Amino acid sequence: MTEGQDRGDGTRVVSAGRSGFGRALAGPMWSAAVWESADLDESRRRASGVRPGEFYARYSNPTVRAFEEAIAELEGAEDALAFGSGMGAISSVLLALCSAGDHVVASRQLYAGTSALLSGPMARLGVETTFVDGADAEAIVAAVIPGRTTVVFVESPSNPLLGVVDLEALGAIAGPFTVVDATFATPLGQRSLEFGVDLVVHSATKGISGHNDVTLGVVAGERELIEAVWAYSVLHGSVASPSDAQAALRGLRTLDVRLARQSATSLELARRLEGHPSVAAVHHPGLDSHPQAALAKSQMRSTGSMLAFEVSGGLDAARRVHDGLSLIRRATSLGGTETLICHPSSTTHVSLSEEDRRAIGVTDGLLRVSVGLEDVDDLWGDLSPLL
Ligand SMILES: Cc1ncc(COP(=O)(O)O)c(C=O)c1O
């Protein structure tokens, strides 16, 4: 366990990643892309070292490193590695760990970019993926082909229907590397690595930075594995920008208070929606009606900012709600200070075929909401007259 893991989450987010700050309360912004060496031996040492500081920014950057250390501390991980986006993290992890002929098991309920990566470029490079229902832990285990499956990749909670994967069952799988995308949970909402999962990835564009002004990804886990991903990542080049890393560190300091407020508002809205006659279904891991409510309760520390709901009346009804809002903003991201709504079948999951969308429950009447920091009654006042 990393030092300070027993402290409260509010304390941990304020304290994390400060080891290189000296006495400064905010870390310096190292915009440098290159550092000079004193002599040939030093040049060689830096060029052939693992994650060398002060060499070349694609290999490492001190401001990015501070963000990585903060995430490692929060995840209780030995180390972390940042990327230029969440997809940069996911593609680097998959390409670092898989070779032609390998097999991946993935939950079907994934961000569509991840599904597209697995069924497009990864398949083209000879890596086959079996997609299974993430709610069915036995199906995940059964899909593993001993000696051939190199990665089991899931998202929990999943985008956009807030499906929950049994992380203890995932962590118990021997053989392949197990990876969870915990973007919807953030490092505070779920301590994924405590369940024995090998790697946790996040789109830090979302709740970690929290203000819709950063594009960033991160992976955390055992140092040896993170270094293997790093060795590939310097070739892949999805490098985190130091200014984004600095903005994310600033955002991180308030993650605990933001998440507490967002979780409370999101659950309250979910309850109100559930009681509305024009709403056919509400998806929220904190509702008793969620099919995995008990599992969510046992493995999540906070049910988070996200909810999804299905309006009766399909596309026309969804369009009326989506287009009629004045406070809630129409945008596809999540985890920030503003409450956002999106229509997954037209946006986040538009690249899937209608059949694939139907298979994961992304219907034309489905709307996804990322709850921000506004007052719950104002949000309800915007939403409810349109239902
Ligand atoms: C669960 C999840 N993972 C990964 C990503 C990709 O992150 P990014 O947009 O930072 O590349 C997203 C984006 O919405 C997401 O929702």
# chains A, B, ... in the order shown; residues from 1 in each chain; ligands from 1
$ closest_atom_pairs --of "chain A" --to "ligand 1" --cutoff "8 Å" --atoms "only C-alpha atoms and all ligand atoms" --output "tab-separated table"
residue	atom	partner	partner_atom_place_in_ligand_line	distance
A:Gly84	CA	ligand 1	10 (O)	7.7
A:Ser85	CA	ligand 1	10 (O)	4.0
A:Gly86	CA	ligand 1	7 (O)	3.5
A:Met87	CA	ligand 1	11 (O)	3.8
A:Gly88	CA	ligand 1	11 (O)	6.3
A:Ala89	CA	ligand 1	11 (O)	7.8
A:Ile90	CA	ligand 1	4 (C)	7.4
A:Leu110	CA	ligand 1	1 (C)	6.8
A:Tyr111	CA	ligand 1	2 (C)	5.1
A:Gly113	CA	ligand 1	6 (C)	6.8
A:Thr114	CA	ligand 1	4 (C)	7.0
A:Glu155	CA	ligand 1	1 (C)	6.5
A:Ser158	CA	ligand 1	1 (C)	6.4
A:Asn159	CA	ligand 1	1 (C)	5.5
A:Pro160	CA	ligand 1	16 (O)	7.9
A:Asp181	CA	ligand 1	3 (N)	6.1
A:Ala182	CA	ligand 1	1 (C)	6.8
A:Thr183	CA	ligand 1	1 (C)	5.0
A:Phe184	CA	ligand 1	1 (C)	6.1
A:His202	CA	ligand 1	3 (N)	6.4
A:Ser203	CA	ligand 1	7 (O)	4.3
A:Ala204	CA	ligand 1	10 (O)	6.2
A:Thr205	CA	ligand 1	10 (O)	4.8
A:Lys206	CA	ligand 1	10 (O)	7.1
A:Thr215	CA	ligand 1	10 (O)	5.5
A:Leu216	CA	ligand 1	10 (O)	5.5
A:Gly217	CA	ligand 1	10 (O)	5.7
A:Thr332	CA	ligand 1	14 (O)	7.3
A:Ser333	CA	ligand 1	14 (O)	5.8
A:Leu334	CA	ligand 1	14 (O)	7.2
A:Thr348	CA	ligand 1	14 (O)	7.1
$ select_by_dssp --residues "segment 120-264 of chain A" --states "alpha helix (DSSP H)" --output "VMD selection string"
chain A and resid 123 to 124 137 to 143 167 to 171 186 to 189 223 to 236 242 to 252 255 to 264
$ write_last_selection --atoms "C-alpha atoms" --output "compact mmCIF listing (two decimals), in the first residue's frame"
# COMPACT_ATOMS: atom_id res chain seq x y z
CA ALA A 123 -8.24 -7.16 -35.71
CA ARG A 124 -6.40 -5.95 -38.84
CA ALA A 137 -18.46 -12.74 -14.84
CA GLU A 138 -18.60 -16.43 -15.74
CA ALA A 139 -18.82 -15.60 -19.45
CA ILE A 140 -15.73 -13.41 -19.15
CA VAL A 141 -13.76 -16.23 -17.50
CA ALA A 142 -15.09 -18.81 -19.97
CA ALA A 143 -14.01 -16.72 -22.98
CA LEU A 167 -13.82 -6.66 -10.41
CA GLU A 168 -12.97 -9.37 -7.88
CA ALA A 169 -13.82 -12.06 -10.45
CA LEU A 170 -11.80 -10.11 -13.04
CA GLY A 171 -8.81 -9.81 -10.71
CA THR A 186 -12.47 8.15 -11.24
CA PRO A 187 -9.69 6.92 -8.87
CA LEU A 188 -11.82 7.94 -5.87
CA GLY A 189 -15.07 6.26 -6.88
CA ARG A 223 6.01 -0.68 -12.16
CA GLU A 224 7.33 -3.49 -14.38
CA LEU A 225 4.15 -3.54 -16.41
CA ILE A 226 3.94 0.25 -16.63
CA GLU A 227 7.54 0.30 -17.86
CA ALA A 228 6.67 -2.24 -20.56
CA VAL A 229 3.82 0.01 -21.69
CA TRP A 230 6.19 3.02 -21.52
CA ALA A 231 8.72 1.27 -23.82
CA TYR A 232 5.97 0.96 -26.43
CA SER A 233 4.48 4.40 -25.72
CA VAL A 234 7.64 6.28 -26.72
CA LEU A 235 7.19 4.74 -30.18
CA HIS A 236 3.43 5.28 -30.26
CA PRO A 242 2.67 19.38 -19.68
CA SER A 243 0.09 22.18 -19.63
CA ASP A 244 -2.72 19.59 -19.63
CA ALA A 245 -0.93 17.67 -16.87
CA GLN A 246 -0.67 20.83 -14.79
CA ALA A 247 -4.35 21.70 -15.34
CA ALA A 248 -5.29 18.13 -14.43
CA LEU A 249 -3.28 18.34 -11.20
CA ARG A 250 -5.14 21.51 -10.29
CA GLY A 251 -8.47 19.84 -11.10
CA LEU A 252 -7.52 16.77 -9.09
CA LEU A 255 -11.99 15.80 -7.08
CA ASP A 256 -13.31 14.64 -3.71
CA VAL A 257 -15.68 17.58 -3.21
CA ARG A 258 -16.75 17.59 -6.85
CA LEU A 259 -17.46 13.87 -6.82
CA ALA A 260 -19.43 14.04 -3.55
CA ARG A 261 -21.65 16.81 -4.92
CA GLN A 262 -22.02 15.21 -8.36
CA SER A 263 -22.84 11.78 -6.90
CA ALA A 264 -25.52 13.20 -4.62
$ closest_residue --among "A:Gly126, A:Pro28, A:Gly175, A:Gly163" --to "Gly147 of chain A" --atoms "only C-alpha atoms"
A:Gly175
$ residues_around --residues "segment 307-320 of chain A" --least-positions-apart "6" --cutoff "8 Å" --atoms "only C-alpha atoms" --output "MDAnalysis selection string"
chainID A and resid 160:162 266 270 273 278:284 343 363:371 386:387
$ atom_distance --atom1 "atom CA of Leu295 of chain A" --atom2 "atom CA of Leu193 of chain A"
16.2 Å
$ closest_residue --among "A:Ser353, A:Thr303, A:Ser156, A:Thr150" --to "Phe177 of chain A" --atoms "only C-alpha atoms"
A:Thr150
$ select_by_dssp --residues "segment 11-175 of chain A" --states "strand (DSSP E)" --output "list of chain:residue names"
A:Asp79, A:Ala80, A:Leu81, A:Ala82, A:Phe83, A:His103, A:Val104, A:Val105, A:Ala106, A:Ser107, A:Glu128, A:Thr129, A:Thr130, A:Phe131, A:Val132, A:Thr149, A:Thr150, A:Val151, A:Val152, A:Phe153, A:Val154, A:Glu155
$ write_last_selection --atoms "N, CA and C atoms" --output "PDB file, in the first residue's frame"
ATOM      1  N   ASP A  79       3.174   2.650  -9.985  1.00  0.00           N
ATOM      2  CA  ASP A  79       3.535   3.700 -10.942  1.00  0.00           C
ATOM      3  C   ASP A  79       2.353   3.975 -11.875  1.00  0.00           C
ATOM      4  N   ALA A  80       2.477   5.043 -12.643  1.00  0.00           N
ATOM      5  CA  ALA A  80       1.443   5.411 -13.614  1.00  0.00           C
ATOM      6  C   ALA A  80       2.124   6.055 -14.812  1.00  0.00           C
ATOM      7  N   LEU A  81       1.408   6.108 -15.915  1.00  0.00           N
ATOM      8  CA  LEU A  81       1.945   6.688 -17.153  1.00  0.00           C
ATOM      9  C   LEU A  81       0.826   7.475 -17.828  1.00  0.00           C
ATOM     10  N   ALA A  82       1.136   8.720 -18.191  1.00  0.00           N
ATOM     11  CA  ALA A  82       0.108   9.580 -18.797  1.00  0.00           C
ATOM     12  C   ALA A  82       0.243   9.596 -20.315  1.00  0.00           C
ATOM     13  N   PHE A  83      -0.852   9.950 -20.983  1.00  0.00           N
ATOM     14  CA  PHE A  83      -0.928   9.965 -22.447  1.00  0.00           C
ATOM     15  C   PHE A  83      -1.689  11.218 -22.888  1.00  0.00           C
ATOM     16  N   HIS A 103      -5.174 -13.123 -28.468  1.00  0.00           N
ATOM     17  CA  HIS A 103      -6.621 -13.034 -28.310  1.00  0.00           C
ATOM     18  C   HIS A 103      -6.942 -12.125 -27.127  1.00  0.00           C
ATOM     19  N   VAL A 104      -7.987 -11.313 -27.294  1.00  0.00           N
ATOM     20  CA  VAL A 104      -8.440 -10.400 -26.233  1.00  0.00           C
ATOM     21  C   VAL A 104      -9.876 -10.775 -25.870  1.00  0.00           C
ATOM     22  N   VAL A 105     -10.192 -10.734 -24.594  1.00  0.00           N
ATOM     23  CA  VAL A 105     -11.583 -10.834 -24.154  1.00  0.00           C
ATOM     24  C   VAL A 105     -11.994  -9.444 -23.696  1.00  0.00           C
ATOM     25  N   ALA A 106     -13.107  -8.930 -24.210  1.00  0.00           N
ATOM     26  CA  ALA A 106     -13.550  -7.586 -23.822  1.00  0.00           C
ATOM     27  C   ALA A 106     -15.028  -7.602 -23.498  1.00  0.00           C
ATOM     28  N   SER A 107     -15.402  -6.752 -22.547  1.00  0.00           N
ATOM     29  CA  SER A 107     -16.835  -6.625 -22.287  1.00  0.00           C
ATOM     30  C   SER A 107     -17.459  -5.903 -23.489  1.00  0.00           C
ATOM     31  N   GLU A 128      -7.412 -11.014 -32.277  1.00  0.00           N
ATOM     32  CA  GLU A 128      -8.847 -11.297 -32.325  1.00  0.00           C
ATOM     33  C   GLU A 128      -9.478 -10.979 -30.967  1.00  0.00           C
ATOM     34  N   THR A 129     -10.674 -10.392 -30.991  1.00  0.00           N
ATOM     35  CA  THR A 129     -11.358 -10.088 -29.722  1.00  0.00           C
ATOM     36  C   THR A 129     -12.677 -10.832 -29.633  1.00  0.00           C
ATOM     37  N   THR A 130     -12.925 -11.435 -28.469  1.00  0.00           N
ATOM     38  CA  THR A 130     -14.238 -12.006 -28.174  1.00  0.00           C
ATOM     39  C   THR A 130     -14.945 -11.031 -27.239  1.00  0.00           C
ATOM     40  N   PHE A 131     -16.086 -10.501 -27.678  1.00  0.00           N
ATOM     41  CA  PHE A 131     -16.866  -9.577 -26.849  1.00  0.00           C
ATOM     42  C   PHE A 131     -17.905 -10.378 -26.063  1.00  0.00           C
ATOM     43  N   VAL A 132     -17.953 -10.143 -24.763  1.00  0.00           N
ATOM     44  CA  VAL A 132     -18.919 -10.852 -23.919  1.00  0.00           C
ATOM     45  C   VAL A 132     -19.677  -9.847 -23.052  1.00  0.00           C
ATOM     46  N   THR A 149      -5.075 -15.923 -24.851  1.00  0.00           N
ATOM     47  CA  THR A 149      -5.655 -14.643 -24.432  1.00  0.00           C
ATOM     48  C   THR A 149      -4.599 -13.863 -23.656  1.00  0.00           C
ATOM     49  N   THR A 150      -4.265 -12.686 -24.153  1.00  0.00           N
ATOM     50  CA  THR A 150      -3.226 -11.902 -23.457  1.00  0.00           C
ATOM     51  C   THR A 150      -3.818 -10.784 -22.620  1.00  0.00           C
ATOM     52  N   VAL A 151      -5.030 -10.307 -23.002  1.00  0.00           N
ATOM     53  CA  VAL A 151      -5.631  -9.190 -22.265  1.00  0.00           C
ATOM     54  C   VAL A 151      -7.128  -9.448 -22.073  1.00  0.00           C
ATOM     55  N   VAL A 152      -7.608  -9.153 -20.874  1.00  0.00           N
ATOM     56  CA  VAL A 152      -9.058  -9.081 -20.638  1.00  0.00           C
ATOM     57  C   VAL A 152      -9.351  -7.618 -20.312  1.00  0.00           C
ATOM     58  N   PHE A 153     -10.176  -6.987 -21.125  1.00  0.00           N
ATOM     59  CA  PHE A 153     -10.398  -5.533 -21.010  1.00  0.00           C
ATOM     60  C   PHE A 153     -11.876  -5.265 -20.737  1.00  0.00           C
ATOM     61  N   VAL A 154     -12.152  -4.549 -19.654  1.00  0.00           N
ATOM     62  CA  VAL A 154     -13.542  -4.201 -19.333  1.00  0.00           C
ATOM     63  C   VAL A 154     -13.632  -2.718 -18.976  1.00  0.00           C
ATOM     64  N   GLU A 155     -14.860  -2.251 -18.938  1.00  0.00           N
ATOM     65  CA  GLU A 155     -15.128  -0.875 -18.504  1.00  0.00           C
ATOM     66  C   GLU A 155     -16.118  -0.971 -17.350  1.00  0.00           C
TER      67      GLU A 155
END
$ closest_residue --among "A:Val127, A:Leu117, A:Leu95, A:Ala135" --to "Ile360 of chain A" --atoms "only C-alpha atoms"
A:Ala135
$ atom_distance --atom1 "atom CA of Val13 of chain A" --atom2 "atom CA of Arg253 of chain A"
5.1 Å
$ closest_residue --among "A:Leu199, A:Ala185, A:Val239, A:Leu118" --to "Asn61 of chain A" --atoms "only C-alpha atoms"
A:Val239
$ atom_distance --atom1 "atom CA of Ala100 of chain A" --atom2 "atom CA of Thr178 of chain A"
18.6 Å
$ decode --residues "segment 46-66 of chain A" --atoms "N, CA and C atoms" --output "PDB file, in the first residue's frame"
ATOM      1  N   ARG A  46      20.930   8.659 -20.727  1.00  0.00           N
ATOM      2  CA  ARG A  46      19.550   9.150 -20.870  1.00  0.00           C
ATOM      3  C   ARG A  46      18.836   8.472 -22.035  1.00  0.00           C
ATOM      4  N   ALA A  47      19.556   8.327 -23.145  1.00  0.00           N
ATOM      5  CA  ALA A  47      18.917   7.759 -24.342  1.00  0.00           C
ATOM      6  C   ALA A  47      18.556   6.296 -24.153  1.00  0.00           C
ATOM      7  N   SER A  48      19.287   5.601 -23.268  1.00  0.00           N
ATOM      8  CA  SER A  48      19.004   4.170 -23.121  1.00  0.00           C
ATOM      9  C   SER A  48      18.332   3.841 -21.785  1.00  0.00           C
ATOM     10  N   GLY A  49      18.023   4.864 -20.973  1.00  0.00           N
ATOM     11  CA  GLY A  49      17.414   4.610 -19.670  1.00  0.00           C
ATOM     12  C   GLY A  49      15.915   4.382 -19.768  1.00  0.00           C
ATOM     13  N   VAL A  50      15.346   3.942 -18.667  1.00  0.00           N
ATOM     14  CA  VAL A  50      13.897   3.760 -18.586  1.00  0.00           C
ATOM     15  C   VAL A  50      13.286   5.024 -17.988  1.00  0.00           C
ATOM     16  N   ARG A  51      12.365   5.633 -18.681  1.00  0.00           N
ATOM     17  CA  ARG A  51      11.676   6.849 -18.257  1.00  0.00           C
ATOM     18  C   ARG A  51      12.662   7.913 -17.749  1.00  0.00           C
ATOM     19  N   PRO A  52      13.704   8.241 -18.526  1.00  0.00           N
ATOM     20  CA  PRO A  52      14.698   9.199 -18.029  1.00  0.00           C
ATOM     21  C   PRO A  52      14.088  10.587 -17.854  1.00  0.00           C
ATOM     22  N   GLY A  53      14.360  11.212 -16.721  1.00  0.00           N
ATOM     23  CA  GLY A  53      13.941  12.603 -16.538  1.00  0.00           C
ATOM     24  C   GLY A  53      14.908  13.486 -17.312  1.00  0.00           C
ATOM     25  N   GLU A  54      14.504  14.675 -17.650  1.00  0.00           N
ATOM     26  CA  GLU A  54      15.389  15.664 -18.268  1.00  0.00           C
ATOM     27  C   GLU A  54      16.164  15.115 -19.467  1.00  0.00           C
ATOM     28  N   PHE A  55      15.448  14.547 -20.427  1.00  0.00           N
ATOM     29  CA  PHE A  55      16.094  14.054 -21.647  1.00  0.00           C
ATOM     30  C   PHE A  55      15.344  14.568 -22.875  1.00  0.00           C
ATOM     31  N   TYR A  56      14.136  14.044 -23.079  1.00  0.00           N
ATOM     32  CA  TYR A  56      13.339  14.395 -24.250  1.00  0.00           C
ATOM     33  C   TYR A  56      11.884  14.156 -23.859  1.00  0.00           C
ATOM     34  N   ALA A  57      11.012  15.127 -24.130  1.00  0.00           N
ATOM     35  CA  ALA A  57       9.683  15.110 -23.500  1.00  0.00           C
ATOM     36  C   ALA A  57       8.809  13.926 -23.915  1.00  0.00           C
ATOM     37  N   ARG A  58       9.097  13.309 -25.067  1.00  0.00           N
ATOM     38  CA  ARG A  58       8.311  12.111 -25.422  1.00  0.00           C
ATOM     39  C   ARG A  58       8.646  10.946 -24.476  1.00  0.00           C
ATOM     40  N   TYR A  59       9.818  11.002 -23.849  1.00  0.00           N
ATOM     41  CA  TYR A  59      10.233   9.958 -22.903  1.00  0.00           C
ATOM     42  C   TYR A  59       9.730  10.250 -21.490  1.00  0.00           C
ATOM     43  N   SER A  60       9.750  11.538 -21.128  1.00  0.00           N
ATOM     44  CA  SER A  60       9.288  11.921 -19.794  1.00  0.00           C
ATOM     45  C   SER A  60       9.344  13.444 -19.674  1.00  0.00           C
ATOM     46  N   ASN A  61       8.496  13.975 -18.831  1.00  0.00           N
ATOM     47  CA  ASN A  61       8.481  15.422 -18.590  1.00  0.00           C
ATOM     48  C   ASN A  61       8.136  15.622 -17.120  1.00  0.00           C
ATOM     49  N   PRO A  62       8.863  16.484 -16.402  1.00  0.00           N
ATOM     50  CA  PRO A  62       8.664  16.586 -14.945  1.00  0.00           C
ATOM     51  C   PRO A  62       7.231  16.977 -14.533  1.00  0.00           C
ATOM     52  N   THR A  63       6.573  17.835 -15.320  1.00  0.00           N
ATOM     53  CA  THR A  63       5.203  18.227 -14.944  1.00  0.00           C
ATOM     54  C   THR A  63       4.244  17.052 -15.155  1.00  0.00           C
ATOM     55  N   VAL A  64       4.449  16.343 -16.266  1.00  0.00           N
ATOM     56  CA  VAL A  64       3.625  15.153 -16.527  1.00  0.00           C
ATOM     57  C   VAL A  64       3.900  14.103 -15.453  1.00  0.00           C
ATOM     58  N   ARG A  65       5.166  13.998 -15.053  1.00  0.00           N
ATOM     59  CA  ARG A  65       5.555  13.009 -14.033  1.00  0.00           C
ATOM     60  C   ARG A  65       4.841  13.287 -12.707  1.00  0.00           C
ATOM     61  N   ALA A  66       4.686  14.574 -12.362  1.00  0.00           N
ATOM     62  CA  ALA A  66       3.982  14.911 -11.112  1.00  0.00           C
ATOM     63  C   ALA A  66       2.537  14.420 -11.181  1.00  0.00           C
TER      64      ALA A  66
END
